[in-house]
Every structure is written in C-alpha cells, then in structure tokens.
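Structure first, then comments.
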Amino acid sequence: MIAGEMNMKKCRTLFNLLFVIYVILMIWLLFIQRIKYISFENYGETLIHNLNIIPFRTIIEYINPDKEVLDHAIINLAGNIVMFIPLGFFLPAFNANCRKMGKLVLLTIIILIIVELIQLFSLTGSFDVDDIILNTIGSAIGYGIQHIIFKNNH
C-alpha cells in the first residue's frame with residue numbers, strides 16, 4: 001500500500017471515529033442525561049405541555065426574554081444550531097444523496113422529527129418545531145463547511 005492510500009485510510013478511520021463519538025454524545029445529550037427527570041404521572045397532560053407545532057413561537061419567546069433568562073435564551077438558540085453542525089458535516093460523507101443541499105435538509109428534517117417524537121413520547125424532552133428549524137440551520141451550516149473543505153472531492 002502506498003503512503004497516500006495509508007494516510008487516506010487513517011483519515012477515513014479518524015473521520016468514522018469522530019462520527020461515532022458525535023452520535024454517542026448526541027444520544028447522551030438528547031436522551032440519556034434526561035432520563036432522571038422522567039415522570040409518567042399525568043402522561044397525557046405532559047405530552048400536551050411538551051408539544052409546540054407553531055413555527056417560531058419558542059424562538060420569538062427567546063428573542064424577547066427577560067434579563068433573568070437571557071443566558072438561557074442564548075444557550076438554547078445557539079445550542080440548537082451548534083449541536084447539529086456536525087450532522088451536516090458528516091451526512092454527505094456517509095450518504096452520497098446528501099451531497100445536494102436539498103436532500104441533506106430533507107434527511108435532516110426526517111431525522112429531527114424522529115428525534116423530537118422519541119423525546120416527546122419518552123418524556124425525555126419536548127417536540128418543538130422550532131428545535132427542528134434551528135437544528136436544520138445548524139445542519140445546513142455544517143453542510144456548507146464540509147462543502148467548502150471537500151468541494152474538490154465530490
């Protein structure tokens with residue numbers, strides 16, 4: 001095996017390892033760390049309370065926060081974007097269909113709807129359409145970054 005092929009294999013292995021670490025981290029952040037807060041008492045009421053299907057409702061609430069919750073608003077809005085930048089970076093490498101922005105966005109939205117539904121019904125979080133919007137923006141940013149870095153390889 002020539003040196004270039006060996007380096008490519010090492011890079012690919014590192015890339016795959018980083019993706020696995022990202023997936024494990026996301027599972028922990030989105031589900032496992034929240035298990036201790038689960039209470040199935042008043043399950044139906046909790047589901048309704050944890051459901052937002054009105055676009056931009058949560059985002060608008062965070063844009064006009066009280067000074068006491070400004071830090072929480074910034075962390076929530078920025079966090080929902082930043083956490084999913086790696087998804088947009090990794091998906092095109094693992095799925096050739098995601099090398100086009102439209103297909104990446106569609107797959108991201110499907111993944112996010114599944115995540116939000118699992119969070120809602122397992123009571124490990126809520127279903128918030130604004131999270132889907134912000135997470136998709138993050139994924140699109142990740143796509144842009146990987147597209148700039150790897151544009152000659154696609």
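Labels for the structure tokens follow display order: chains A, B, ..., residues from 1 in each chain, ligands from 1.
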(Q) Using only C-alpha atoms, which protein or nucleic acid residues come within 8 Å of region 121-133 of chain A? Drop anything in the same chain fewer than 5 positions from it, and give the result as a list in words. (A)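 Contacts, in chain order: Leu30, Phe31, Ile32, Arg34, Ile35, Tyr37, Ile38, Ser39, Phe40, Thr46, Leu47, Asn50, Leu51, Asn52, Ile53, Ile54, Pro55, Phe56, Arg57, Thr58, Ile59, Asn80, Ile109, Leu112, Ile113 and Glu116 of chain A.
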Residues from the last selection, C-alpha atoms, saved as a PDB file, in the first residue's frame:
ATOM      1  CA  LEU A  30     -30.807  14.286  23.810  1.00  0.00           C
ATOM      2  CA  PHE A  31     -31.987  11.245  25.763  1.00  0.00           C
ATOM      3  CA  ILE A  32     -29.852   9.564  28.422  1.00  0.00           C
ATOM      4  CA  ARG A  34     -32.671  13.459  30.738  1.00  0.00           C
ATOM      5  CA  ILE A  35     -33.865  10.068  31.998  1.00  0.00           C
ATOM      6  CA  TYR A  37     -36.295  13.749  35.091  1.00  0.00           C
ATOM      7  CA  ILE A  38     -38.913  11.378  33.658  1.00  0.00           C
ATOM      8  CA  SER A  39     -42.211  11.115  35.460  1.00  0.00           C
ATOM      9  CA  PHE A  40     -45.066   9.250  33.810  1.00  0.00           C
ATOM     10  CA  THR A  46     -47.234  16.277  29.959  1.00  0.00           C
ATOM     11  CA  LEU A  47     -47.353  15.377  26.254  1.00  0.00           C
ATOM     12  CA  ASN A  50     -44.298  19.461  25.790  1.00  0.00           C
ATOM     13  CA  LEU A  51     -45.675  19.946  22.273  1.00  0.00           C
ATOM     14  CA  ASN A  52     -45.097  23.029  20.140  1.00  0.00           C
ATOM     15  CA  ILE A  53     -46.114  22.799  16.498  1.00  0.00           C
ATOM     16  CA  ILE A  54     -46.367  26.573  15.964  1.00  0.00           C
ATOM     17  CA  PRO A  55     -43.312  27.712  13.989  1.00  0.00           C
ATOM     18  CA  PHE A  56     -41.184  30.434  15.613  1.00  0.00           C
ATOM     19  CA  ARG A  57     -43.217  30.501  18.860  1.00  0.00           C
ATOM     20  CA  THR A  58     -40.305  29.415  21.056  1.00  0.00           C
ATOM     21  CA  ILE A  59     -37.760  31.386  19.029  1.00  0.00           C
ATOM     22  CA  ASN A  80     -29.755  24.113  18.944  1.00  0.00           C
ATOM     23  CA  ILE A 109     -35.715  17.098   8.928  1.00  0.00           C
ATOM     24  CA  LEU A 112     -35.073  15.529  13.625  1.00  0.00           C
ATOM     25  CA  ILE A 113     -38.772  14.671  13.527  1.00  0.00           C
ATOM     26  CA  GLU A 116     -38.365  15.030  18.594  1.00  0.00           C
TER      27      GLU A 116
END
Using only C-alpha atoms, which residues sit within 12 Å of Phe150 (chain A) once same-chain residues fewer than 3 positions away are excluded, as a CSV table (one decimal) with all heavy atoms, in the first residue's frame?
chain,number,residue,atom,x,y,z
A,89,PHE,N,-22.1,18.1,8.5
A,89,PHE,CA,-20.8,17.9,8.0
A,89,PHE,C,-20.6,16.4,7.7
A,89,PHE,O,-20.0,16.1,6.7
A,89,PHE,CB,-19.8,18.3,9.1
A,89,PHE,CG,-18.4,18.2,8.7
A,89,PHE,CD1,-17.8,19.3,8.1
A,89,PHE,CD2,-17.6,17.1,9.0
A,89,PHE,CE1,-16.4,19.3,7.7
A,89,PHE,CE2,-16.3,17.1,8.6
A,89,PHE,CZ,-15.7,18.1,8.0
A,90,PHE,N,-21.1,15.5,8.5
A,90,PHE,CA,-20.9,14.1,8.4
A,90,PHE,C,-21.9,13.4,7.4
A,90,PHE,O,-21.4,12.5,6.7
A,90,PHE,CB,-21.1,13.4,9.7
A,90,PHE,CG,-20.0,13.5,10.7
A,90,PHE,CD1,-20.2,14.1,11.9
A,90,PHE,CD2,-18.7,13.1,10.4
A,90,PHE,CE1,-19.2,14.3,12.8
A,90,PHE,CE2,-17.6,13.3,11.3
A,90,PHE,CZ,-17.9,13.9,12.5
A,92,PRO,N,-23.1,14.0,4.3
A,92,PRO,CA,-22.7,13.9,2.9
A,92,PRO,C,-21.6,12.8,2.8
A,92,PRO,O,-21.5,12.2,1.7
A,92,PRO,CB,-22.2,15.3,2.5
A,92,PRO,CG,-22.9,16.2,3.5
A,92,PRO,CD,-23.0,15.4,4.8
A,93,ALA,N,-20.8,12.6,3.8
A,93,ALA,CA,-19.7,11.6,3.7
A,93,ALA,C,-20.2,10.2,3.7
A,93,ALA,O,-19.7,9.3,3.2
A,93,ALA,CB,-18.7,11.8,4.8
A,99,ARG,N,-25.2,14.9,-0.7
A,99,ARG,CA,-24.2,15.9,-1.3
A,99,ARG,C,-24.9,17.0,-2.0
A,99,ARG,O,-24.2,17.9,-2.4
A,99,ARG,CB,-23.2,15.1,-2.2
A,99,ARG,CG,-22.4,14.2,-1.4
A,99,ARG,CD,-21.2,13.6,-2.1
A,99,ARG,NE,-20.6,12.6,-1.2
A,99,ARG,CZ,-20.0,11.5,-1.6
A,99,ARG,NH1,-20.1,11.1,-2.9
A,99,ARG,NH2,-19.4,10.7,-0.8
A,142,GLY,N,-23.2,23.1,8.7
A,142,GLY,CA,-22.2,22.0,8.7
A,142,GLY,C,-22.0,21.6,7.2
A,142,GLY,O,-20.9,21.3,6.8
A,143,TYR,N,-23.1,21.5,6.5
A,143,TYR,CA,-23.0,21.1,5.1
A,143,TYR,C,-22.1,22.1,4.3
A,143,TYR,O,-21.3,21.8,3.5
A,143,TYR,CB,-24.4,21.1,4.4
A,143,TYR,CG,-24.4,20.9,2.9
A,143,TYR,CD1,-24.3,19.7,2.4
A,143,TYR,CD2,-24.4,22.0,2.1
A,143,TYR,CE1,-24.2,19.5,1.0
A,143,TYR,CE2,-24.4,21.9,0.7
A,143,TYR,CZ,-24.3,20.6,0.2
A,143,TYR,OH,-24.2,20.5,-1.2
A,144,GLY,N,-22.4,23.4,4.6
A,144,GLY,CA,-21.6,24.5,3.9
A,144,GLY,C,-20.1,24.3,4.3
A,144,GLY,O,-19.2,24.5,3.4
A,145,ILE,N,-19.8,24.1,5.5
A,145,ILE,CA,-18.4,23.9,6.0
A,145,ILE,C,-17.8,22.7,5.2
A,145,ILE,O,-16.7,22.8,4.7
A,145,ILE,CB,-18.3,23.7,7.5
A,145,ILE,CG1,-18.7,25.0,8.2
A,145,ILE,CG2,-16.9,23.3,7.9
A,145,ILE,CD1,-18.9,24.9,9.7
A,146,GLN,N,-18.4,21.6,5.3
A,146,GLN,CA,-17.8,20.4,4.6
A,146,GLN,C,-17.8,20.6,3.1
A,146,GLN,O,-16.8,20.1,2.5
A,146,GLN,CB,-18.6,19.1,5.0
A,146,GLN,CG,-19.9,18.8,4.3
A,146,GLN,CD,-19.8,18.3,2.9
A,146,GLN,OE1,-18.9,17.6,2.5
A,146,GLN,NE2,-20.8,18.7,2.1
A,147,HIS,N,-18.7,21.3,2.5
A,147,HIS,CA,-18.7,21.6,1.1
A,147,HIS,C,-17.5,22.4,0.7
A,147,HIS,O,-16.8,22.2,-0.3
A,147,HIS,CB,-20.0,22.2,0.7
A,147,HIS,CG,-20.1,22.4,-0.8
A,147,HIS,ND1,-20.4,21.3,-1.6
A,147,HIS,CD2,-20.1,23.4,-1.6
A,147,HIS,CE1,-20.4,21.7,-2.9
A,147,HIS,NE2,-20.3,23.0,-2.9
A,153,ASN,N,-13.4,17.0,-3.8
A,153,ASN,CA,-13.5,15.6,-3.6
A,153,ASN,C,-14.9,15.0,-4.0
A,153,ASN,O,-15.1,13.8,-4.0
A,153,ASN,CB,-13.2,15.1,-2.2
A,153,ASN,CG,-11.7,15.5,-1.9
A,153,ASN,OD1,-10.9,15.6,-2.8
A,153,ASN,ND2,-11.4,15.6,-0.6
A,154,HIS,N,-15.9,15.9,-4.3
A,154,HIS,CA,-17.2,15.4,-4.6
A,154,HIS,C,-17.5,15.4,-6.1
A,154,HIS,O,-17.4,16.3,-6.8
A,154,HIS,CB,-18.3,16.2,-3.9
A,154,HIS,CG,-18.2,16.0,-2.4
A,154,HIS,ND1,-18.4,14.7,-1.8
A,154,HIS,CD2,-18.0,16.8,-1.4
A,154,HIS,CE1,-18.3,14.8,-0.5
A,154,HIS,NE2,-18.1,16.1,-0.2
Excluding same-chain residues fewer than 2 positions from Phe19 (chain A), what lies within 12 Å of it counting only C-alpha atoms, as a JSON list (two decimals) with N, CA and C atoms, in the first residue's frame?
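What follows is the written file around20.json:
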[["chain", "number", "residue", "atom", "x", "y", "z"],
["A", 12, "ARG", "N", -9.87, 8.39, 7.03],
["A", 12, "ARG", "CA", -11.22, 7.85, 6.99],
["A", 12, "ARG", "C", -11.58, 7.19, 8.32],
["A", 13, "THR", "N", -10.63, 6.46, 8.91],
["A", 13, "THR", "CA", -10.86, 5.83, 10.21],
["A", 13, "THR", "C", -11.10, 6.90, 11.28],
["A", 14, "LEU", "N", -10.30, 7.95, 11.27],
["A", 14, "LEU", "CA", -10.48, 9.05, 12.22],
["A", 14, "LEU", "C", -11.83, 9.72, 12.01],
["A", 15, "PHE", "N", -12.21, 9.95, 10.76],
["A", 15, "PHE", "CA", -13.49, 10.56, 10.42],
["A", 15, "PHE", "C", -14.64, 9.71, 10.96],
["A", 16, "ASN", "N", -14.56, 8.40, 10.73],
["A", 16, "ASN", "CA", -15.59, 7.48, 11.22],
["A", 16, "ASN", "C", -15.65, 7.49, 12.75],
["A", 17, "LEU", "N", -14.50, 7.50, 13.39],
["A", 17, "LEU", "CA", -14.45, 7.55, 14.85],
["A", 17, "LEU", "C", -15.08, 8.83, 15.38],
["A", 21, "ILE", "N", -18.33, 9.11, 17.87],
["A", 21, "ILE", "CA", -18.29, 9.92, 19.10],
["A", 21, "ILE", "C", -19.41, 10.96, 19.09],
["A", 22, "TYR", "N", -19.63, 11.61, 17.95],
["A", 22, "TYR", "CA", -20.71, 12.59, 17.82],
["A", 22, "TYR", "C", -22.07, 11.94, 18.08],
["A", 23, "VAL", "N", -22.33, 10.80, 17.48],
["A", 23, "VAL", "CA", -23.61, 10.11, 17.66],
["A", 23, "VAL", "C", -23.82, 9.73, 19.14],
["A", 24, "ILE", "N", -22.79, 9.19, 19.78],
["A", 24, "ILE", "CA", -22.90, 8.81, 21.19],
["A", 24, "ILE", "C", -23.16, 10.05, 22.05],
["A", 25, "LEU", "N", -22.44, 11.12, 21.78],
["A", 25, "LEU", "CA", -22.65, 12.37, 22.53],
["A", 25, "LEU", "C", -24.07, 12.89, 22.36],
["A", 26, "MET", "N", -24.58, 12.83, 21.14],
["A", 26, "MET", "CA", -25.95, 13.32, 20.88],
["A", 26, "MET", "C", -26.98, 12.44, 21.58],
["A", 86, "PRO", "N", -22.27, 19.37, 13.15],
["A", 86, "PRO", "CA", -21.59, 18.13, 12.73],
["A", 86, "PRO", "C", -22.46, 17.20, 11.89],
["A", 87, "LEU", "N", -23.77, 17.19, 12.12],
["A", 87, "LEU", "CA", -24.65, 16.32, 11.33],
["A", 87, "LEU", "C", -24.55, 16.70, 9.85],
["A", 88, "GLY", "N", -24.61, 17.98, 9.56],
["A", 88, "GLY", "CA", -24.50, 18.43, 8.17],
["A", 88, "GLY", "C", -23.12, 18.22, 7.59],
["A", 89, "PHE", "N", -22.14, 18.15, 8.46],
["A", 89, "PHE", "CA", -20.77, 17.88, 8.02],
["A", 89, "PHE", "C", -20.58, 16.40, 7.69],
["A", 90, "PHE", "N", -21.14, 15.52, 8.55],
["A", 90, "PHE", "CA", -20.93, 14.08, 8.39],
["A", 90, "PHE", "C", -21.86, 13.43, 7.35],
["A", 91, "LEU", "N", -23.12, 13.84, 7.29],
["A", 91, "LEU", "CA", -24.08, 13.13, 6.41],
["A", 91, "LEU", "C", -23.63, 13.00, 4.96],
["A", 92, "PRO", "N", -23.10, 14.04, 4.34],
["A", 92, "PRO", "CA", -22.67, 13.88, 2.94],
["A", 92, "PRO", "C", -21.56, 12.84, 2.76],
["A", 93, "ALA", "N", -20.77, 12.62, 3.79],
["A", 93, "ALA", "CA", -19.69, 11.62, 3.69],
["A", 93, "ALA", "C", -20.24, 10.20, 3.74],
["A", 94, "PHE", "N", -21.35, 10.03, 4.44],
["A", 94, "PHE", "CA", -21.90, 8.69, 4.62],
["A", 94, "PHE", "C", -23.07, 8.38, 3.69]]
Q: Per DSSP on the backbone, filter chain A down to the residues in helix (DSSP H, G or I) and report them as a ChimeraX atom specification.
A: /A:3-30,32-37,43-49,57-63,67-82,85-94,96-99,101-122,129-153
Q: Assign secondary structure with DSSP using the backbone only, and return the residues of chain A in strand (DSSP E) as number ranges by chain.
A: A: 51-52, 127-128
Residues just named, written with N, CA, C and O atoms as a compact mmCIF listing (two decimals), in the first residue's frame:
# COMPACT_ATOMS: atom_id res chain seq x y z
N LEU A 51 -45.48 19.96 23.72
CA LEU A 51 -45.68 19.95 22.27
C LEU A 51 -45.82 21.37 21.75
O LEU A 51 -46.68 22.12 22.22
N ASN A 52 -44.97 21.75 20.83
CA ASN A 52 -45.10 23.03 20.14
C ASN A 52 -45.00 22.78 18.64
O ASN A 52 -43.94 22.42 18.13
N PHE A 127 -41.42 18.05 21.88
CA PHE A 127 -41.46 18.14 20.42
C PHE A 127 -41.68 19.62 20.12
O PHE A 127 -42.75 20.16 20.38
N ASP A 128 -40.66 20.26 19.61
CA ASP A 128 -40.74 21.69 19.32
C ASP A 128 -40.30 21.92 17.88
O ASP A 128 -39.15 21.66 17.52
